[in-house]
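See below for the structure under consideration.
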Amino acid sequence: MVDNEKEDLRSPGLKKRISLGISKFRSLIKRMGLWGAVAQIMRNIFWIEIMYRFVKDLDVQENRVKPKIPLRIITMPQDLDVYNWEGRKELLEIRGEYGLLQFQQRLQRGYILFCAYSEVKFAGFLWLLPPPVTRIDSGVLLKDDEAYQIDGWTFNDYRGKGVLPSLQQATYDYARKEFPHVKSVVTHGAIRNIPSVVGQQRSGLIIVSRELSVSIFGYNRKIKLSNAIE
């Protein structure tokens with residue numbers, strides 16, 4: 001059971017979500033213009049998509065991914081000041097000021113940030129949330145021994161080079177070492193995003209079900225459709 005103080009920290013309420021939504025909209029206007037921002041923000045107001053649910057059994061050793069470029073993956077400190085971080089420039093380019101706020105709040109809520117670098121260039125990132133994982137975090141109710149991966153991103157110049165699968169395997173290694181009670185890692189991916197699906201399977205994740213993901217005003221729920229993959 002999650003105590004009230006921790007639940008409040010890791011699961012922002014409606015007022016905070018509205019504030020985040022406004023911040024995101026302002027950032028999107030600067031990057032995409034008014035109508036581009038409106039189209040993008042509608043995904044948070046109401047959005048339906050079919051997803052795969054992936055699970056990685058940490059007791060099963062995965063085949064190691066060999067990235068096509070030199071790659072170094074590090075775990076960022078929980079007290080990272082995102083607003084003065086060296087990766088700030090790249091984050092601003094893809095998400096604007098909202099991205100900085102989003103990253104800072106995730107760190108404060110206990111998410112763990114993994115960053116991949118090729119030489120000195122920022123190549124991608126991925127988040128891991130150790131249990132307890134709430135429905136607000138993942139859209140589903142996870143067990144006390146399940147961690148959740150979210151928001152994997154590879155920058156354009158490094159796509160197709162094994163960055164995301166390498167990041168995912170770094171989270172498995174980290175969970176095994178730092179959270180020995182965690183038995184599996186769960187994540188979701190859109191069925192339509194074939195390159196992402198292939199990459200996740202390369203990392204050792206297994207598709208266990210199809211789920212309908214429904215987002216309404218920032219709140220997400222996932223409804224199981226089937227176990228079998230047709």
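Chain labels follow the order of the structure tokens: the first chain is A, the next B, and so on; residue numbering restarts at 1 in every chain, and ligands are counted from 1 in their shown order.
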
- What's the 7 Å shell around Ile150 in chain A, counting only C-alpha atoms, without same-chain residues fewer than 2 positions away, as a ChimeraX atom specification? /A:126-128,148,152,187

Please produce a file of the residues just selected, as a short mmCIF file (atom, residue, chain, number, x, y, z; two decimals), in the first residue's frame, where the atoms kept are C-alpha atoms.
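selection.cif, written as the output of this step:
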data_model
loop_
_atom_site.label_atom_id
_atom_site.label_comp_id
_atom_site.auth_asym_id
_atom_site.auth_seq_id
_atom_site.Cartn_x
_atom_site.Cartn_y
_atom_site.Cartn_z
CA LEU A 126 14.80 6.52 -21.01
CA TRP A 127 12.99 6.62 -17.67
CA LEU A 128 12.52 3.81 -15.13
CA TYR A 148 7.88 0.54 -15.30
CA GLY A 152 12.24 6.27 -24.39
CA THR A 187 6.44 -1.02 -20.64
#

Give me the range 51-83 of chain A side of the contact with range 103-124 of chain A, cut-off 12 Å, one line per residue showing its nearest atom pair and distance in Å at one decimal, counting only C-alpha atoms, sorted by chain and residue number, as JSON lines.
{"residue": "A:Pro67", "atom": "CA", "partner": "A:Ser118", "partner_atom": "CA", "distance": 10.2}
{"residue": "A:Lys68", "atom": "CA", "partner": "A:Ser118", "partner_atom": "CA", "distance": 10.3}
{"residue": "A:Ile69", "atom": "CA", "partner": "A:Ser118", "partner_atom": "CA", "distance": 6.8}
{"residue": "A:Pro70", "atom": "CA", "partner": "A:Ser118", "partner_atom": "CA", "distance": 5.4}
{"residue": "A:Leu71", "atom": "CA", "partner": "A:Ser118", "partner_atom": "CA", "distance": 4.7}
{"residue": "A:Arg72", "atom": "CA", "partner": "A:Tyr117", "partner_atom": "CA", "distance": 5.1}
{"residue": "A:Ile73", "atom": "CA", "partner": "A:Ala116", "partner_atom": "CA", "distance": 4.4}
{"residue": "A:Ile74", "atom": "CA", "partner": "A:Cys115", "partner_atom": "CA", "distance": 5.5}
{"residue": "A:Thr75", "atom": "CA", "partner": "A:Phe114", "partner_atom": "CA", "distance": 4.6}
{"residue": "A:Met76", "atom": "CA", "partner": "A:Leu113", "partner_atom": "CA", "distance": 5.5}
{"residue": "A:Pro77", "atom": "CA", "partner": "A:Leu113", "partner_atom": "CA", "distance": 8.0}
{"residue": "A:Gln78", "atom": "CA", "partner": "A:Leu107", "partner_atom": "CA", "distance": 5.6}
{"residue": "A:Asp79", "atom": "CA", "partner": "A:Leu107", "partner_atom": "CA", "distance": 7.4}
{"residue": "A:Leu80", "atom": "CA", "partner": "A:Leu107", "partner_atom": "CA", "distance": 7.8}
{"residue": "A:Asp81", "atom": "CA", "partner": "A:Gln104", "partner_atom": "CA", "distance": 7.3}
{"residue": "A:Val82", "atom": "CA", "partner": "A:Gln104", "partner_atom": "CA", "distance": 5.9}
{"residue": "A:Tyr83", "atom": "CA", "partner": "A:Gln104", "partner_atom": "CA", "distance": 8.2}

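Here CA of Phe54 in chain A and CA of Arg202 in chain A stand 11.8 Å from one another.
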
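Distance annotation: of A:Pro165, A:Gly199, A:Pro180, A:Gly139, the residue with the minimal separation from Ser213 in chain A is A:Gly139; atom set is only C-alpha atoms.
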
- Identify, on the basis of only C-alpha atoms, every residue whose closest approach to Ser184 in chain A does not exceed 10 Å; exclude the query and any residue fewer than 2 positions from it along the same chain; express the result as a list of chain:residue names. A:Val55, A:Lys56, A:Asp57, A:Leu58, A:Asp59, A:Val60, A:Lys143, A:Asp145, A:Glu146, A:Ala147, A:Tyr148, A:Tyr172, A:Ala175, A:Arg176, A:His181, A:Val182, A:Val186, A:Leu205

Please, could you write that set of residues out with C-alpha atoms as a JSON list (two decimals), in the first residue's frame?
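Written out: part-v4.json:
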[["chain", "number", "residue", "atom", "x", "y", "z"],
["A", 55, "VAL", "CA", 7.33, -7.54, -20.02],
["A", 56, "LYS", "CA", 10.96, -8.40, -19.26],
["A", 57, "ASP", "CA", 11.52, -11.22, -16.76],
["A", 58, "LEU", "CA", 14.67, -10.17, -14.91],
["A", 59, "ASP", "CA", 15.45, -13.76, -13.94],
["A", 60, "VAL", "CA", 16.02, -14.52, -17.64],
["A", 143, "LYS", "CA", 2.48, -5.57, -8.85],
["A", 145, "ASP", "CA", 7.69, -6.44, -7.81],
["A", 146, "GLU", "CA", 7.21, -4.73, -11.21],
["A", 147, "ALA", "CA", 9.06, -1.62, -12.38],
["A", 148, "TYR", "CA", 7.88, 0.54, -15.30],
["A", 172, "TYR", "CA", 17.45, -4.20, -16.44],
["A", 175, "ALA", "CA", 17.04, -2.94, -11.43],
["A", 176, "ARG", "CA", 18.79, -6.25, -10.77],
["A", 181, "HIS", "CA", 12.93, -7.41, -5.11],
["A", 182, "VAL", "CA", 11.91, -6.32, -8.62],
["A", 186, "VAL", "CA", 6.91, -3.53, -17.84],
["A", 205, "LEU", "CA", 11.05, -7.53, -23.86]]

- Pull the strand (DSSP E or B) assignments for range 32-217 of chain A out of DSSP run on the backbone, and list those residues as a PyMOL selection string. chain A and resi 46-57+72-75+112-118+121-129+146-154+184-190+206-216

- Task: Pick out the closest residue to Lys222 in chain A from this set: A:Gln149, A:Ser166, A:Asn84, A:Ser209. Count only C-alpha atoms.
- Result: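 Closest candidate: A:Ser209.
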
- Step one, run DSSP on the backbone; step two, keep only residues of range 110-197 of chain A assigned to alpha helix (DSSP H); then write them as a list in words. Arg135, Ile136, Asp137, Ser138, Val163, Leu164, Pro165, Ser166, Leu167, Gln168, Gln169, Ala170, Thr171, Tyr172, Asp173, Tyr174, Ala175, Arg176, Lys177, Glu178, Ile194, Pro195, Ser196 and Val197 of chain A

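When CA of Leu100 in chain A is paired with CA of Tyr52 in chain A, their separation reads 28.2 Å.
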
- Message: With only C-alpha atoms as the counted atoms, please give the residues lying no more than 12 Å from range 191-198 of chain A, apart from itself and same-chain residues fewer than 2 positions off, as a ChimeraX atom specification.
- Response: /A:49-54,151-154,159-165,168,187-189,200-207,209-213,229

- Computed interatomic separation between CA of Gly96 in chain A and CA of Gly218 in chain A (Å):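 According to the coordinates, CA of Gly96 in chain A and CA of Gly218 in chain A are separated by 18.4 Å.
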